[in-house]
Amino acid sequence: MTTASTTDRVALVRAIAAQHLSDRGALMPVLHDVMAELGHIAREDVEAIADVLNLSVAEVHGVVSFYHDFRTEPPAAHTVALCRGEACQSVGSQALYDATVARAESLGDGVEVAQVFCLGNCALGPSGTIDGRLHGRLSAQRLDSLTKEWH
Ligand code: FES
């Protein structure tokens, strides 16, 4: 992920969009590339993408806001993503998610609690990821232990 000034950022986003100009349905690949390169899609990115792809700002904004995977704010320093799929729900993931959201502030600054729907780890639920690393049999106590350096 790149950190860039606004001017550099817009230039980079315009270059990414330009790489996809000849693609059919270029918008989604551009948005994915901007996410991969810059970590989120800022307002100025939407305007630059719309301009390069000859779309309206409303069209680009509509797609960005429709898909939860497209962030419009920089990501938090740490992310806890808890599975809310059926297998994990049957072993208490809903209560774990609710409790984790409620105590997110105690996990430390810059911690985001997200939800996912099946991580392919159903037999070891409740499952989740902590900064992208998969964990099974999660509980509030295990989460505290696994994130203790964040406190
Ligand atoms: S339902 Fe949670 S890992 Fe599959």
# chains A, B, ... in the order shown; residues from 1 in each chain; ligands from 1
$ residues_near_ligand --ligand "ligand 1" --cutoff "10 Å" --atoms "only C-alpha atoms and all ligand atoms" --output "list in words"
Leu82, Cys83, Arg84, Gly85, Glu86, Ala87, Cys88, Gln89, Ser90, Val91, Ser93, Val116, Phe117, Cys118, Leu119, Gly120, Asn121, Cys122, Ala123, Leu124, Gly125, Pro126, Ser127, Gly128, Leu134, His135 and Gly136 of chain A
$ write_last_selection --atoms "N, CA and C atoms" --output "CSV table (one decimal), in the first residue's frame"
chain,number,residue,atom,x,y,z
A,82,LEU,N,-14.7,-11.1,12.2
A,82,LEU,CA,-15.3,-12.3,12.8
A,82,LEU,C,-16.3,-12.8,11.8
A,83,CYS,N,-16.3,-14.2,11.8
A,83,CYS,CA,-17.2,-14.8,10.8
A,83,CYS,C,-18.6,-14.9,11.4
A,84,ARG,N,-19.6,-14.5,10.6
A,84,ARG,CA,-21.0,-14.6,11.0
A,84,ARG,C,-21.7,-15.6,10.0
A,85,GLY,N,-21.0,-16.5,9.5
A,85,GLY,CA,-21.6,-17.5,8.7
A,85,GLY,C,-22.4,-18.5,9.5
A,86,GLU,N,-23.2,-19.3,8.9
A,86,GLU,CA,-24.1,-20.2,9.7
A,86,GLU,C,-23.4,-21.1,10.6
A,87,ALA,N,-22.4,-21.8,10.2
A,87,ALA,CA,-21.7,-22.8,11.0
A,87,ALA,C,-21.1,-22.1,12.3
A,88,CYS,N,-20.5,-20.9,12.1
A,88,CYS,CA,-20.0,-20.1,13.2
A,88,CYS,C,-21.1,-19.6,14.1
A,89,GLN,N,-22.2,-19.2,13.5
A,89,GLN,CA,-23.3,-18.7,14.3
A,89,GLN,C,-23.8,-19.8,15.2
A,90,SER,N,-23.8,-21.0,14.7
A,90,SER,CA,-24.3,-22.2,15.6
A,90,SER,C,-23.4,-22.4,16.8
A,91,VAL,N,-22.2,-21.8,16.8
A,91,VAL,CA,-21.3,-22.0,18.0
A,91,VAL,C,-21.0,-20.7,18.6
A,93,SER,N,-20.9,-17.3,17.3
A,93,SER,CA,-20.2,-16.2,16.7
A,93,SER,C,-21.0,-14.8,16.8
A,116,VAL,N,-17.4,-11.1,8.4
A,116,VAL,CA,-17.2,-11.9,7.2
A,116,VAL,C,-18.1,-13.0,7.2
A,117,PHE,N,-18.4,-13.6,6.1
A,117,PHE,CA,-19.3,-14.7,6.0
A,117,PHE,C,-18.7,-15.9,5.4
A,118,CYS,N,-18.1,-16.7,6.3
A,118,CYS,CA,-17.4,-18.0,6.0
A,118,CYS,C,-16.0,-17.8,5.6
A,119,LEU,N,-15.1,-18.3,6.3
A,119,LEU,CA,-13.7,-18.3,6.0
A,119,LEU,C,-13.1,-19.6,5.7
A,120,GLY,N,-14.1,-20.6,5.5
A,120,GLY,CA,-13.6,-22.0,5.1
A,120,GLY,C,-13.0,-22.7,6.3
A,121,ASN,N,-13.3,-22.2,7.5
A,121,ASN,CA,-12.8,-22.8,8.7
A,121,ASN,C,-14.0,-23.2,9.6
A,122,CYS,N,-15.0,-23.7,9.0
A,122,CYS,CA,-16.3,-23.9,9.7
A,122,CYS,C,-16.2,-24.9,10.9
A,123,ALA,N,-15.4,-25.9,10.7
A,123,ALA,CA,-15.3,-26.9,11.8
A,123,ALA,C,-14.7,-26.4,13.0
A,124,LEU,N,-14.0,-25.3,12.9
A,124,LEU,CA,-13.3,-24.7,14.1
A,124,LEU,C,-13.9,-23.4,14.5
A,125,GLY,N,-15.2,-23.2,14.3
A,125,GLY,CA,-15.8,-21.9,14.7
A,125,GLY,C,-15.9,-21.8,16.2
A,126,PRO,N,-16.2,-20.6,16.6
A,126,PRO,CA,-16.2,-19.3,15.8
A,126,PRO,C,-14.9,-19.0,15.2
A,127,SER,N,-14.9,-18.6,14.0
A,127,SER,CA,-13.6,-18.3,13.3
A,127,SER,C,-13.5,-16.8,13.0
A,128,GLY,N,-12.3,-16.4,12.8
A,128,GLY,CA,-12.1,-15.0,12.5
A,128,GLY,C,-10.7,-14.8,12.1
A,134,LEU,N,-5.8,-16.2,10.1
A,134,LEU,CA,-7.0,-17.0,10.5
A,134,LEU,C,-6.8,-17.6,11.9
A,135,HIS,N,-7.9,-17.5,12.7
A,135,HIS,CA,-7.9,-18.2,14.0
A,135,HIS,C,-9.3,-18.9,14.1
A,136,GLY,N,-9.3,-20.1,14.8
A,136,GLY,CA,-10.5,-20.8,15.1
A,136,GLY,C,-10.7,-20.9,16.5
$ residues_around --residues "Gly132 in chain A" --least-positions-apart "5" --cutoff "9 Å" --atoms "only C-alpha atoms" --output "JSON, numbers by chain"
{"A": [79, 80, 81]}
$ write_last_selection --atoms "N, CA and C atoms" --output "PDB file, in the first residue's frame"
ATOM      1  N   THR A  79      -7.210  -4.987  12.389  1.00  0.00           N
ATOM      2  CA  THR A  79      -8.566  -5.421  12.065  1.00  0.00           C
ATOM      3  C   THR A  79      -8.855  -6.789  12.669  1.00  0.00           C
ATOM      4  N   VAL A  80      -9.981  -6.884  13.347  1.00  0.00           N
ATOM      5  CA  VAL A  80     -10.522  -8.171  13.789  1.00  0.00           C
ATOM      6  C   VAL A  80     -11.748  -8.416  12.926  1.00  0.00           C
ATOM      7  N   ALA A  81     -11.724  -9.470  12.140  1.00  0.00           N
ATOM      8  CA  ALA A  81     -12.868  -9.810  11.290  1.00  0.00           C
ATOM      9  C   ALA A  81     -13.445 -11.124  11.788  1.00  0.00           C
TER      10      ALA A  81
END
$ residues_around --residues "Glu47 in chain A" --least-positions-apart "4" --cutoff "7 Å" --atoms "only C-alpha atoms" --output "ChimeraX atom specification"
/A:43,51,57
$ write_last_selection --atoms "C-alpha atoms" --output "mmCIF file, in the first residue's frame"
data_model
loop_
_atom_site.group_PDB
_atom_site.id
_atom_site.type_symbol
_atom_site.label_atom_id
_atom_site.label_comp_id
_atom_site.auth_asym_id
_atom_site.auth_seq_id
_atom_site.Cartn_x
_atom_site.Cartn_y
_atom_site.Cartn_z
ATOM 1 C CA ARG A 43 -13.440 11.284 -2.793
ATOM 2 C CA ASP A 51 -12.964 11.702 -15.432
ATOM 3 C CA VAL A 57 -19.038 10.856 -10.414
#
$ residues_around --residues "Ser65 in chain A" --least-positions-apart "5" --cutoff "12 Å" --atoms "only C-alpha atoms" --output "PDB file with C-alpha atoms, in the first residue's frame"
ATOM      1  CA  LEU A  31     -11.399   0.203  -8.116  1.00  0.00           C
ATOM      2  CA  HIS A  40      -9.029   3.023   0.201  1.00  0.00           C
ATOM      3  CA  ILE A  41     -10.900   5.024  -2.419  1.00  0.00           C
ATOM      4  CA  ALA A  42     -11.020   8.688  -1.444  1.00  0.00           C
ATOM      5  CA  ARG A  43     -13.440  11.284  -2.793  1.00  0.00           C
ATOM      6  CA  VAL A  46     -13.757   8.860  -7.406  1.00  0.00           C
ATOM      7  CA  VAL A  57     -19.038  10.856 -10.414  1.00  0.00           C
ATOM      8  CA  ALA A  58     -22.422   9.483  -9.302  1.00  0.00           C
ATOM      9  CA  GLU A  59     -21.855   6.246 -11.256  1.00  0.00           C
ATOM     10  CA  VAL A  60     -18.449   5.658  -9.691  1.00  0.00           C
ATOM     11  CA  PHE A  70     -14.414  -0.774  -1.186  1.00  0.00           C
ATOM     12  CA  ARG A  71     -13.318   1.441   1.669  1.00  0.00           C
ATOM     13  CA  THR A  72     -13.680   5.213   1.505  1.00  0.00           C
ATOM     14  CA  GLU A  73     -11.560   5.833   4.611  1.00  0.00           C
TER      15      GLU A  73
END
$ select_by_dssp --residues "chain A" --states "helix (DSSP H, G or I)" --output "JSON, numbers by chain"
{"A": [6, 7, 8, 9, 10, 11, 12, 13, 14, 15, 16, 17, 18, 19, 27, 28, 29, 30, 31, 32, 33, 34, 35, 36, 37, 38, 43, 44, 45, 46, 47, 48, 49, 50, 51, 52, 53, 57, 58, 59, 60, 61, 62, 63, 64, 65, 66, 86, 87, 88, 89, 93, 94, 95, 96, 97, 98, 99, 100, 101, 102, 104, 105, 106, 107, 122, 123, 124, 140, 141, 142, 143, 144, 145, 146, 148, 149, 150]}
$ closest_residue --among "A:Leu53, A:Val10, A:Ala48, A:Ile130" --to "Ser22 in chain A" --atoms "only C-alpha atoms"
A:Leu53
$ select_by_dssp --residues "chain A" --states "strand (DSSP E or B)" --output "PyMOL selection string"
chain A and resi 78-83+111-116+128-130+133-135
$ write_last_selection --atoms "C-alpha atoms" --output "compact mmCIF listing (two decimals), in the first residue's frame"
# COMPACT_ATOMS: atom_id res chain seq x y z
CA HIS A 78 -5.56 -3.46 13.22
CA THR A 79 -8.57 -5.42 12.06
CA VAL A 80 -10.52 -8.17 13.79
CA ALA A 81 -12.87 -9.81 11.29
CA LEU A 82 -15.32 -12.27 12.81
CA CYS A 83 -17.22 -14.85 10.83
CA VAL A 111 -8.91 -1.28 15.81
CA GLU A 112 -11.69 -2.10 13.39
CA VAL A 113 -14.14 -4.93 13.97
CA ALA A 114 -15.52 -6.32 10.74
CA GLN A 115 -17.78 -9.19 9.80
CA VAL A 116 -17.16 -11.85 7.21
CA GLY A 128 -12.12 -14.97 12.46
CA THR A 129 -9.03 -13.19 11.33
CA ILE A 130 -6.81 -10.89 13.32
CA ARG A 133 -4.35 -14.22 10.12
CA LEU A 134 -6.97 -16.95 10.50
CA HIS A 135 -7.94 -18.18 13.98
$ residues_around --residues "Val52 in chain A" --least-positions-apart "5" --cutoff "10 Å" --atoms "only C-alpha atoms" --output "ChimeraX atom specification"
/A:13-18,20-21,47
$ atom_distance --atom1 "CA of Glu44 in chain A" --atom2 "CA of Val30 in chain A"
14.2 Å
